[in-house]
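K.L.:
Dumping the structure here so I can ask a few things about it.
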There are 4 protein chains.
Amino acid sequence: MAESREILAAPDALNIADALANDFATTAIERDRKGGVPKRERELLRKSGLLNLVIPRAQGGHGASWAVTLRTVRRIAEADGSIAHVYGFQHLLLATLRLFGPPEQYEPLFAATVRESWFWGNALNPLDTRAELREQGSEFVVDGAKSFASGAGDSDRLVISANRAPDHLGDRKLVVAAVPTSREGIQVVGDWDNMGQRQTDSGTVVFRNVRVLPSEILATPGPLGSPFASLRPCIAQLTLANVYLGIARGALEEAKRHTRARGKAWFLSGIDEVAKDPYVLHHFGELFVELEAARLLAEQAASELDEAWALGDAVTPERRGRCAVAIAMAKTKATRAGLDVVNRMFDVAGARATTAKEGLDRFWRNLRTHTLHDPVDYKLKELGAFVLSGELPAATFYS
Amino acid sequence: MAESREILAAPDALNIADALANDFATTAIERDRKGGVPKRERELLRKSGLLNLVIPRAQGGHGASWAVTLRTVRRIAEADGSIAHVYGFQHLLLATLRLFGPPEQYEPLFAATVRESWFWGNALNPLDTRAELREQGSEFVVDGAKSFASGAGDSDRLVISANRAPDHLGDRKLVVAAVPTSREGIQVVGDWDNMGQRQTDSGTVVFRNVRVLPSEILATPGPLGSPFASLRPCIAQLTLANVYLGIARGALEEAKRHTRARGKAWFLSGIDEVAKDPYVLHHFGELFVELEAARLLAEQAASELDEAWALGDAVTPERRGRCAVAIAMAKTKATRAGLDVVNRMFDVAGARATTAKEGLDRFWRNLRTHTLHDPVDYKLKELGAFVLSGELPAATFYS
Amino acid sequence: MAESREILAAPDALNIADALANDFATTAIERDRKGGVPKRERELLRKSGLLNLVIPRAQGGHGASWAVTLRTVRRIAEADGSIAHVYGFQHLLLATLRLFGPPEQYEPLFAATVRESWFWGNALNPLDTRAELREQGSEFVVDGAKSFASGAGDSDRLVISANRAPDHLGDRKLVVAAVPTSREGIQVVGDWDNMGQRQTDSGTVVFRNVRVLPSEILATPGPLGSPFASLRPCIAQLTLANVYLGIARGALEEAKRHTRARGKAWFLSGIDEVAKDPYVLHHFGELFVELEAARLLAEQAASELDEAWALGDAVTPERRGRCAVAIAMAKTKATRAGLDVVNRMFDVAGARATTAKEGLDRFWRNLRTHTLHDPVDYKLKELGAFVLSGELPAATFYS
Amino acid sequence: MAESREILAAPDALNIADALANDFATTAIERDRKGGVPKRERELLRKSGLLNLVIPRAQGGHGASWAVTLRTVRRIAEADGSIAHVYGFQHLLLATLRLFGPPEQYEPLFAATVRESWFWGNALNPLDTRAELREQGSEFVVDGAKSFASGAGDSDRLVISANRAPDHLGDRKLVVAAVPTSREGIQVVGDWDNMGQRQTDSGTVVFRNVRVLPSEILATPGPLGSPFASLRPCIAQLTLANVYLGIARGALEEAKRHTRARGKAWFLSGIDEVAKDPYVLHHFGELFVELEAARLLAEQAASELDEAWALGDAVTPERRGRCAVAIAMAKTKATRAGLDVVNRMFDVAGARATTAKEGLDRFWRNLRTHTLHDPVDYKLKELGAFVLSGELPAATFYS
């Protein structure tokens with residue numbers, strides 16, 4: 001750990017990500033088939049030091065920018081969309097501590113994360129309102145469940161959310177807390193069996209009479225409790241965008257490899273080599289331009305995020321809004337350019353590339369699944385309102 | 001059999017296809033997972049009488065039009081793309097006998113097909129030139145192999161092809177023959193393991209010293225031996241188009257079912273029901289218009305084919321060319337409209353529809369695989385040459 | 001007249017349309033530049049007998065089907081979108097008499113149309129509510145104005161609409177009437193100066209104290225007063241769709257002519273002739289497939305309309321709804337396929353085709369203008385509601 | 001002049017461009033109608049100092065980067081595509097002097113350009129081979145003509161090209177020279193009458209026995225005579241891309257203005273204001289994302305160009321190739337995103353925005369015309385070859 005941490009300047013982080021990606025790639029097809037939790041790969045991540053990228057140096061982390069951090073997410077997604085997802089969420093969950101809680105809460109958690117190589121998971125889905133938190137003496141208790149709890153399996157700590165039992169006004173305020181995954185009453189069900197992102201373990205977490213201490217609740221400023229705190233969904237969305245981009249990039253590389261391996265062009269083309277086929281080249285040209293456009297939007301958004309992040313509580317709603325706009329553009333474009341790649345890769349790679357042993361469908365299955373996280377149509381609507389009327393997106397858990 | 005045959009007027013054929021499709025649908029997800037050969041379902045097809053649709057009444061068949069026959073293919077593809085493929089190829093292979101051989105050859109084979117409920121498979125891929133046929137006394141022997149031999153498993157008879165051993169001019173003419181699948185030396189390897197169309201058994205057939213009788217060779221007029229014979233690729237291409245359309249239609253139905261089941265609209269939509277969501281409705285509207293356009297092109301092409309088919313040897317190259325153009329349009333449009341449906345169905349059905357147990361990715365996997373049969377770009381090029389210069393597509397095994 | 005009328009069987013109507021289109025084409029560029037009213041061409045239409053196509057034989061018309069009638073609209077639109085628009089509206093306005101009024105009203109008007117070679121115009125735009133009708137003794141008076149009054153200039157008769165002065169309930173019911181264009185107080189302003197459809201004279205009609213007789217009001221069943229009467233917007237929409245298709249078809253023909261005239265292919269293509277350029281051919285192929293798809297949807301919709309039209313008052317809301325769905329599909333597809341043609345025609349025709357003297361931009365200007373009649377997005381939404389929930393479009397003046 | 005030059009730091013150049021654009025916008029519609037040469041506007045450009053942006057400070061220019069220079073092109077294109085084109089070509093032609101000639105040639109020309117406020121035009125189209133240069137004593141003479149000579153009218157100096165009379169090997173090498181527009185025998189015909197870019201004066205220049213001095217010929221290294229010299233087409237292509245982007249941006253702004261002015265939403269939308277219409281917002285969102293993507297690609301390409309430009313003769317073929325790739329991406333994307341904006345702007349702005357007095361069709365006419373400069377399909381092919389095989393685009397006048 002110590003070594004890896006010391007070398008984690010930006011190029012080093014990318015080198016480490018690169019090495020991990022190369023490792024993950026060798027088993028990606030097989031692990032996609034199996035589903036479940038990629039324990040060996042998660043262990044490699046723990047050991048790599050990359051889980052501490054965004055943690056400030058003061059707490060033993062690397063103080064990496066979001067730009068660099070998200071590039072590592074993207075690199076890993078080229079090899080494995082599932083691992084990239086939970087790896088990206090590690091940083092999102094650490095940011096959640098920073099954004100929703102005070103220093104006396106997040107600093108010790110950061111330090112312990114570095115010290116203990118904690119992998120964070122989530123059980124936070126705010127659209128699933130089954131989990132309820134109620135007072136019990138000076139403590140709290142949570143009962144219920146959360147769906148889509150990506151990365152909960154094999155995690156050390158969880159960021160969870162629950163709605164408070166209704167008060168006299170009927171209010172069911174959302175509460176977010178950081179707890180050990182091993183806390184009594186927490187069950188990571190392991191029921192994720194999906195067409196894509198099969199090793200994200202995005203299934204159900206059940207809470208049965210789970211104790212939560214007041215000191216574990218992220219209450220100051222709390223969920224979306226300030227413009228700065230409202231950067232949380234920005235980070236979530238931009239993380240997704242980078243996972244999408246990485247998956248698409250991985251697909252394009254495979255498309256190249258398979259196309260080159262075809263050798264001969266279509267017999268009616270009047271051309272010898274497939275590498276000279278005008279339509280094949282045109283497809284590659286189109287896919288590349290759009291993917292590069294998406295990459296630039298993602299980089300621009302990361303810059304915006306890094307600037308806003310650096311401002312801390314000085315972030316204004318306008319600033320946060322501009323950041324959300326840049327990120328919405330990046331996510332929209334990554335979604336569309338990416339889906340185009342994972343579909344059309346076969347038009348260049350040809351019929352033989354559909355053999356199961358190459359597992360090329362995993363790119364489509366992973367991206368198609370993950371791009372449904374929240375509807376891109378509503379992102380475009382938000383962007384339209386910004387363009388037409390200068391309206392900034394309202395802060396919610398999805399924008 | 002007898003009963004089912006008697007009732008096979010057009011609406012009856014569709015009713016039977018409908019009943020079979022409903023049956024196949026109940027196990028489609030599970031069988032997709034397993035791959036292999038759907039023996040039970042193939043047996044139901046044998047019993048249904050549908051395998052004899054295009055056989056003339058004189059030989060005990062139903063003398064159905066291509067329009068009706070292909071509608072049954074489409075209906076079955078809604079439930080199961082794999083079965084629709086091999087079922088569609090049954091008609092294509094019967095047509096091959098009719099088009100490449102003389103009455104004294106195809107009439108007895110037709111009669112036997114009806115009598116014995118033969119399911120035909122193929123080992124014909126003309127782009128795979130490994131199979132070679134050489135004379136041996138008054139007979140012939142084939143050695144080598146064919147890939148993409150859809151429907152060979154569990155077949156009763158095979159239409160095979162092989163290149164003749166080079167003559168003094170170095171010519172390696174393609175020879176097509178109809179032989180029993182059980183002929184000594186034929187091995188249906190069963191090595192098809194693909195990302196889609198998993199129960200088409202489109203793997204390898206190996207020939208080891210396989211005897212072929214002169215009377216089994218379809219030599220008059222032989223492969224593409226006349227304008228009429230050259231309707232063979234037309235039928236192949238239009239069969240594919242109908243499989244694509246059926247898969248897409250099945251996907252749209254599933255998309256509707258899952259969308260309606262969602263109930264609530266996206267929380268940021270300002271709308272209660274997903275069935276009122278403007279973007280969801282817009283997607284459905286777009287997909288529907290394009291699919292309906294593809295259907296009309298397929299119906300128009302089937303009319304052209306039926307007219308050309310009825311002409312027999314009176315088919316001129318021009319007529320055949322016009323038919324090929326109509327079919328190229330249908331196939332191109334079915335490819336594109338279909339791929340759009342199997343991708344975008346998730347944008348309406350939402351994230352929960354990606355659960356493995358619903359198996360909705362099979363529509364994409366099946367269609368994406370099958371639409372790679374031959375490149376749509378070259379179909380568009382042919383169509384362009386027709387539009388711009390009035391050139392009709394040259395007859396090859398793919399156009 | 002007499003002769004032309006007598007020969008107006010379907011092929012004859014198309015032949016006459018063809019001859020007129022050829023004539024109109026020779027001056028289309030020049031007239032597009034000038035704008036205003038194409039008096040000479042309107043006179044040719046009056047003499048051709050085509051203005052009476054949908055009038056029943058009993059009143060001296062040709063009793064042509066909508067399918068045939070709309071094909072003539074399409075043919076004329078190939079040469080001139082403006083004339084096709086007002087020519088198409090002739091039939092729509094005659095249908096309006098039939099649909100909104102009783103036989104004692106429309107039969108004499110039909111007979112007079114044939115006898116006097118009337119060209120009908122409109123001042124009906126229901127979204128412009130400035131025109132008001134109030135009682136004055138036993139008659140009525142209209143004051144106000146209507147915008148988008150296509151074909152009012154040089155017309156013999158007008159179908160106008162006005163809102164009744166509010167009654168005690170505040171109701172401002174829409175009233176539709178048929179009046180002579182020469183009626184005192186009617187001013188066809190001639191203020192249409194638009195980027196496209198420049199000779200449709202779709203400007204303002206002003207009403208100053210215009211007398212309207214009770215017998216001129218189409219009150220039984222009145223506007224959209226029955227399911228049958230509600231076919232009126234169906235006819236309007238399908239007429240537009242056919243104008244769009246014709247414009248696009250004309251553009252494609254010009255694209256072919258200009259492309260062939262280029263001779264040499266792009267110097268980097270490695271190809272001699274532009275007619276062999278793979279990308280040029282691909283563009284033509286794509287445009288052709290989509291245009292043909294749009295044509296088939298338009299033909300299907302015309303069949304639906306002819307069937308509903310033949311039913312008269314027996315048309316049920318369901319039947320009318322199905323007709324509206326078929327027409328919405330046709331219009332949507334004609335809009336999109338058409339816009340694609342008028343844009344991409346330049347990608348094949350090349351830079352030299354942009355010279356003003358060829359006037360090729362008129363196709364885009366005409367189609368882009370006319371396709372804004374009502375938003376295609378809401379047509380798609382209606383279609384989506386039909387697909388998803390089986391809802392039929394509500395009858396309005398636009399669906 | 002003096003003042004404006006002194007203040008031409010980057011923000012100042014943009015401010016001046018902004019002021020000019022605002023001025024040009026007020027007459028853009030009228031001047032588009034008239035065509036011809038915008039003398040007043042060209043005079044304003046001469047006075048603005050912007051014509052000297054890329055000239056080094058040593059010769060009295062501003063030494064501005066390509067990034068800044070091209071942003072001014074873009075800004076002016078928002079208001080007027082024609083002026084932006086010839087203004088952009090000013091910089092391209094100055095760069096041509098720099099790239100194809102030695103310091104002793106370009107330095108005095110630069111200084112004179114600053115001193116005399118020269119506006120440069122071109123008569124260079126390498127695909128038009130009618131102009132021929134032959135020796136006459138110690139000088140040369142040019143006869144023939146060049147088409148597409150943008151900015152020749154009202155120019156002070158011309159960069160011309162001609163093919164040498166065939167030598168004994170039949171070689172007709174292309175020669176490029178810088179001459180006064182007023183040179184005897186040069187006739188700027190003024191025959192440009194086009195559907196778009198109507199004030200670029202891109203017509204014919206005729207040469208009748210035109211004297212050219214050896215010192216006017218740019219021979220060292222000559223046209224595309226070195227990797228550095230081969231940056232010339234890069235600059236041309238990136239200039240076009242920025243003109244496209246500017247036109248599209250101007251169109252988007254007009255679309256916003258007109259959409260907001262509509263007020264009411266479509267009556268079937270169930271919404272009051274058009275600014276809340278989900279489809280209108282979605283269109284704006286989509287157009288914005290793609291335009292922003294195109295902008296980022298253009299900025300990235302400008303950085304690549306600035307870096308290569310700074311290297312001078314140290315530019316390697318690889319470096320030049322990478323620059324060409326970045327620029328091809330920018331141009332491709334600007335073409336597509338731009339065309340989408342100028343078409344779809346009407347879907348949001350609505351039918352009333354088609355009135356001639358608003359002249360909104362000029363955006364489409366300008367962009368559609370200009371994007372035909374060279375075929376985008378071959379740019380995509382080049383990009384595909386780069387992606388698939390790492391091939392860098394060969395240096396030609398178009399890539």
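Each chain in the structure tokens gets a letter, A, B and so on, in the order shown; residues start at 1 in every chain, and ligands are counted from 1 in the order they appear.
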Got a sec to pull out which chain C residues are within 10 Å of chain A, counting only C-alpha atoms, and send them as a PyMOL selection string?
P.N.:
chain C and resi 269+277-279+282
K.L.:
Can I get the selection written as an mmCIF file, in the first residue's frame, with N, CA and C atoms?
P.N.:
```cif
data_model
loop_
_atom_site.group_PDB
_atom_site.id
_atom_site.type_symbol
_atom_site.label_atom_id
_atom_site.label_comp_id
_atom_site.auth_asym_id
_atom_site.auth_seq_id
_atom_site.Cartn_x
_atom_site.Cartn_y
_atom_site.Cartn_z
ATOM 1 N N SER C 269 -11.113 9.474 -54.026
ATOM 2 C CA SER C 269 -11.914 8.258 -53.868
ATOM 3 C C SER C 269 -11.232 7.031 -54.458
ATOM 4 N N ASP C 277 -19.163 5.707 -56.859
ATOM 5 C CA ASP C 277 -18.670 6.090 -55.525
ATOM 6 C C ASP C 277 -19.492 5.373 -54.446
ATOM 7 N N PRO C 278 -18.826 4.603 -53.591
ATOM 8 C CA PRO C 278 -19.583 3.812 -52.611
ATOM 9 C C PRO C 278 -20.445 4.662 -51.679
ATOM 10 N N TYR C 279 -19.964 5.844 -51.349
ATOM 11 C CA TYR C 279 -20.745 6.680 -50.427
ATOM 12 C C TYR C 279 -21.927 7.327 -51.139
ATOM 13 N N HIS C 282 -24.494 4.660 -51.439
ATOM 14 C CA HIS C 282 -25.073 4.400 -50.113
ATOM 15 C C HIS C 282 -26.115 5.465 -49.757
#
```
K.L.:
Would you kindly return, as a PyMOL selection string, each protein, DNA or RNA residue with an atom no farther than 8 Å from any atom of Lys47 (chain B), considering only C-alpha atoms and excluding same-chain residues fewer than 2 positions away?
P.N.:
chain B and resi 1+43-45+49+117
K.L.:
Excluding Gly390 (chain D) and any residue of its chain fewer than 5 positions from it, enumerate the residues within 12 Å of it, using only C-alpha atoms, and give them as a PyMOL selection string.
P.N.:
(chain A and resi 256+260+275+281+284) or (chain D and resi 318+321-322+325+382-385)
K.L.:
Can you work out which one of A:Phe267, A:Val189, A:Asp167, A:Ala298 has the shortest atom-to-atom distance to Pro126 (chain B), counting only C-alpha atoms?
P.N.:
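Result for the nearest residue to Pro126 (chain B): A:Phe267.
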K.L.:
Extract the full set of strand (DSSP E or B) residues from region 71-237 of chain B according to DSSP on the backbone, and format it as a ChimeraX atom specification.
P.N.:
/B:120-123,132-136,139-146,157-164,174-180,186-188,194,205-212,217
K.L.:
Hey, what does DSSP flag as helix (DSSP H, G or I) within region 99-266 of chain B? Can you give it to me as a tab-separated table (two decimals) with N, CA and C atoms, in the first residue's frame?
P.N.:
```tsv
chain	number	residue	atom	x	y	z
B	99	LEU	N	-35.88	-24.76	-57.42
B	99	LEU	CA	-35.24	-23.77	-58.30
B	99	LEU	C	-34.00	-24.32	-59.00
B	100	PHE	N	-33.30	-25.20	-58.32
B	100	PHE	CA	-32.03	-25.67	-58.88
B	100	PHE	C	-32.17	-27.01	-59.61
B	103	PRO	N	-38.22	-31.22	-62.19
B	103	PRO	CA	-39.37	-31.81	-61.50
B	103	PRO	C	-39.13	-33.25	-61.05
B	104	GLU	N	-38.43	-33.99	-61.88
B	104	GLU	CA	-38.23	-35.40	-61.47
B	104	GLU	C	-37.40	-35.51	-60.21
B	105	GLN	N	-36.70	-34.48	-59.89
B	105	GLN	CA	-35.94	-34.48	-58.64
B	105	GLN	C	-36.77	-33.91	-57.48
B	106	TYR	N	-37.35	-32.74	-57.71
B	106	TYR	CA	-37.99	-32.10	-56.54
B	106	TYR	C	-39.36	-32.68	-56.21
B	107	GLU	N	-40.07	-33.17	-57.20
B	107	GLU	CA	-41.41	-33.68	-56.87
B	107	GLU	C	-41.38	-34.85	-55.90
B	108	PRO	N	-40.55	-35.86	-56.14
B	108	PRO	CA	-40.49	-36.93	-55.14
B	108	PRO	C	-39.99	-36.45	-53.77
B	109	LEU	N	-39.05	-35.51	-53.78
B	109	LEU	CA	-38.56	-35.00	-52.49
B	109	LEU	C	-39.66	-34.24	-51.75
B	110	PHE	N	-40.46	-33.49	-52.50
B	110	PHE	CA	-41.59	-32.79	-51.88
B	110	PHE	C	-42.57	-33.80	-51.27
B	111	ALA	N	-42.90	-34.78	-52.08
B	111	ALA	CA	-43.88	-35.78	-51.61
B	111	ALA	C	-43.36	-36.48	-50.35
B	112	ALA	N	-42.07	-36.81	-50.38
B	112	ALA	CA	-41.50	-37.48	-49.21
B	112	ALA	C	-41.45	-36.55	-48.00
B	113	THR	N	-41.20	-35.30	-48.26
B	113	THR	CA	-41.18	-34.33	-47.16
B	113	THR	C	-42.54	-34.30	-46.46
B	114	VAL	N	-43.60	-34.30	-47.25
B	114	VAL	CA	-44.94	-34.31	-46.67
B	114	VAL	C	-45.19	-35.63	-45.94
B	115	ARG	N	-44.87	-36.67	-46.63
B	115	ARG	CA	-45.16	-38.01	-46.11
B	115	ARG	C	-44.39	-38.29	-44.82
B	116	GLU	N	-43.12	-37.91	-44.82
B	116	GLU	CA	-42.25	-38.27	-43.70
B	116	GLU	C	-42.04	-37.12	-42.72
B	214	PRO	N	-25.24	-39.00	-58.27
B	214	PRO	CA	-25.55	-38.01	-59.31
B	214	PRO	C	-27.00	-37.54	-59.19
B	215	SER	N	-27.89	-38.43	-58.84
B	215	SER	CA	-29.31	-38.04	-58.77
B	215	SER	C	-29.60	-37.11	-57.59
B	216	GLU	N	-28.65	-36.96	-56.72
B	216	GLU	CA	-28.84	-36.06	-55.58
B	216	GLU	C	-28.34	-34.65	-55.87
B	231	LEU	N	-33.86	-16.77	-58.05
B	231	LEU	CA	-34.76	-16.29	-56.98
B	231	LEU	C	-34.34	-16.85	-55.62
B	232	ARG	N	-33.49	-17.85	-55.62
B	232	ARG	CA	-33.08	-18.49	-54.36
B	232	ARG	C	-32.54	-17.48	-53.35
B	233	PRO	N	-31.54	-16.69	-53.70
B	233	PRO	CA	-31.08	-15.69	-52.72
B	233	PRO	C	-32.17	-14.67	-52.37
B	234	CYS	N	-33.07	-14.40	-53.28
B	234	CYS	CA	-34.18	-13.50	-52.95
B	234	CYS	C	-34.99	-14.08	-51.79
B	235	ILE	N	-35.29	-15.36	-51.91
B	235	ILE	CA	-36.07	-16.01	-50.86
B	235	ILE	C	-35.28	-16.03	-49.55
B	236	ALA	N	-34.00	-16.31	-49.65
B	236	ALA	CA	-33.16	-16.32	-48.45
B	236	ALA	C	-33.20	-14.96	-47.76
B	237	GLN	N	-32.99	-13.92	-48.54
B	237	GLN	CA	-32.92	-12.58	-47.97
B	237	GLN	C	-34.27	-12.15	-47.39
B	238	LEU	N	-35.34	-12.49	-48.08
B	238	LEU	CA	-36.65	-12.06	-47.57
B	238	LEU	C	-37.05	-12.88	-46.33
B	239	THR	N	-36.58	-14.11	-46.28
B	239	THR	CA	-36.81	-14.90	-45.07
B	239	THR	C	-36.11	-14.24	-43.89
B	240	LEU	N	-34.87	-13.85	-44.08
B	240	LEU	CA	-34.16	-13.16	-43.01
B	240	LEU	C	-34.91	-11.89	-42.59
B	241	ALA	N	-35.34	-11.13	-43.57
B	241	ALA	CA	-36.05	-9.88	-43.26
B	241	ALA	C	-37.26	-10.15	-42.37
B	242	ASN	N	-37.96	-11.23	-42.67
B	242	ASN	CA	-39.15	-11.54	-41.87
B	242	ASN	C	-38.79	-12.05	-40.48
B	243	VAL	N	-37.68	-12.76	-40.38
B	243	VAL	CA	-37.22	-13.13	-39.04
B	243	VAL	C	-36.90	-11.87	-38.24
B	244	TYR	N	-36.20	-10.93	-38.87
B	244	TYR	CA	-35.84	-9.68	-38.18
B	244	TYR	C	-37.10	-8.94	-37.70
B	245	LEU	N	-38.05	-8.85	-38.63
B	245	LEU	CA	-39.27	-8.13	-38.29
B	245	LEU	C	-40.01	-8.78	-37.13
B	246	GLY	N	-40.03	-10.10	-37.17
B	246	GLY	CA	-40.72	-10.81	-36.09
B	246	GLY	C	-40.03	-10.59	-34.75
B	247	ILE	N	-38.71	-10.69	-34.75
B	247	ILE	CA	-37.98	-10.45	-33.50
B	247	ILE	C	-38.29	-9.05	-32.98
B	248	ALA	N	-38.28	-8.08	-33.88
B	248	ALA	CA	-38.52	-6.70	-33.46
B	248	ALA	C	-39.94	-6.52	-32.93
B	249	ARG	N	-40.86	-7.16	-33.58
B	249	ARG	CA	-42.26	-7.07	-33.15
B	249	ARG	C	-42.43	-7.71	-31.76
B	250	GLY	N	-41.78	-8.84	-31.56
B	250	GLY	CA	-41.82	-9.48	-30.25
B	250	GLY	C	-41.23	-8.57	-29.19
B	251	ALA	N	-40.15	-7.89	-29.54
B	251	ALA	CA	-39.50	-6.97	-28.60
B	251	ALA	C	-40.44	-5.81	-28.26
B	252	LEU	N	-41.12	-5.30	-29.26
B	252	LEU	CA	-42.02	-4.18	-29.01
B	252	LEU	C	-43.16	-4.59	-28.07
B	253	GLU	N	-43.65	-5.80	-28.26
B	253	GLU	CA	-44.72	-6.27	-27.38
B	253	GLU	C	-44.23	-6.38	-25.94
B	254	GLU	N	-43.02	-6.90	-25.79
B	254	GLU	CA	-42.44	-6.99	-24.44
B	254	GLU	C	-42.20	-5.60	-23.85
B	255	ALA	N	-41.78	-4.69	-24.70
B	255	ALA	CA	-41.56	-3.32	-24.24
B	255	ALA	C	-42.87	-2.72	-23.72
B	256	LYS	N	-43.94	-2.98	-24.42
B	256	LYS	CA	-45.24	-2.46	-23.98
B	256	LYS	C	-45.64	-3.05	-22.63
B	257	ARG	N	-45.48	-4.36	-22.53
B	257	ARG	CA	-45.86	-5.05	-21.30
B	257	ARG	C	-45.07	-4.52	-20.10
B	258	HIS	N	-43.77	-4.37	-20.30
B	258	HIS	CA	-42.93	-3.90	-19.19
B	258	HIS	C	-43.17	-2.43	-18.88
B	259	THR	N	-43.41	-1.65	-19.89
B	259	THR	CA	-43.66	-0.23	-19.65
B	259	THR	C	-44.95	-0.05	-18.85
B	260	ARG	N	-45.97	-0.74	-19.29
B	260	ARG	CA	-47.24	-0.61	-18.56
B	260	ARG	C	-47.08	-1.07	-17.11
B	261	ALA	N	-46.24	-2.08	-16.90
B	261	ALA	CA	-46.07	-2.60	-15.55
B	261	ALA	C	-45.33	-1.63	-14.64
B	262	ARG	N	-44.61	-0.66	-15.24
B	262	ARG	CA	-43.86	0.29	-14.41
B	262	ARG	C	-44.78	1.16	-13.58
```
K.L.:
For Lys357 (chain C), please output as a ChimeraX atom specification all residues within 9 Å (counting only C-alpha atoms; exclusion window: fewer than 2 positions along the same chain).
P.N.:
/C:29,354-355,359-360 /D:193-195
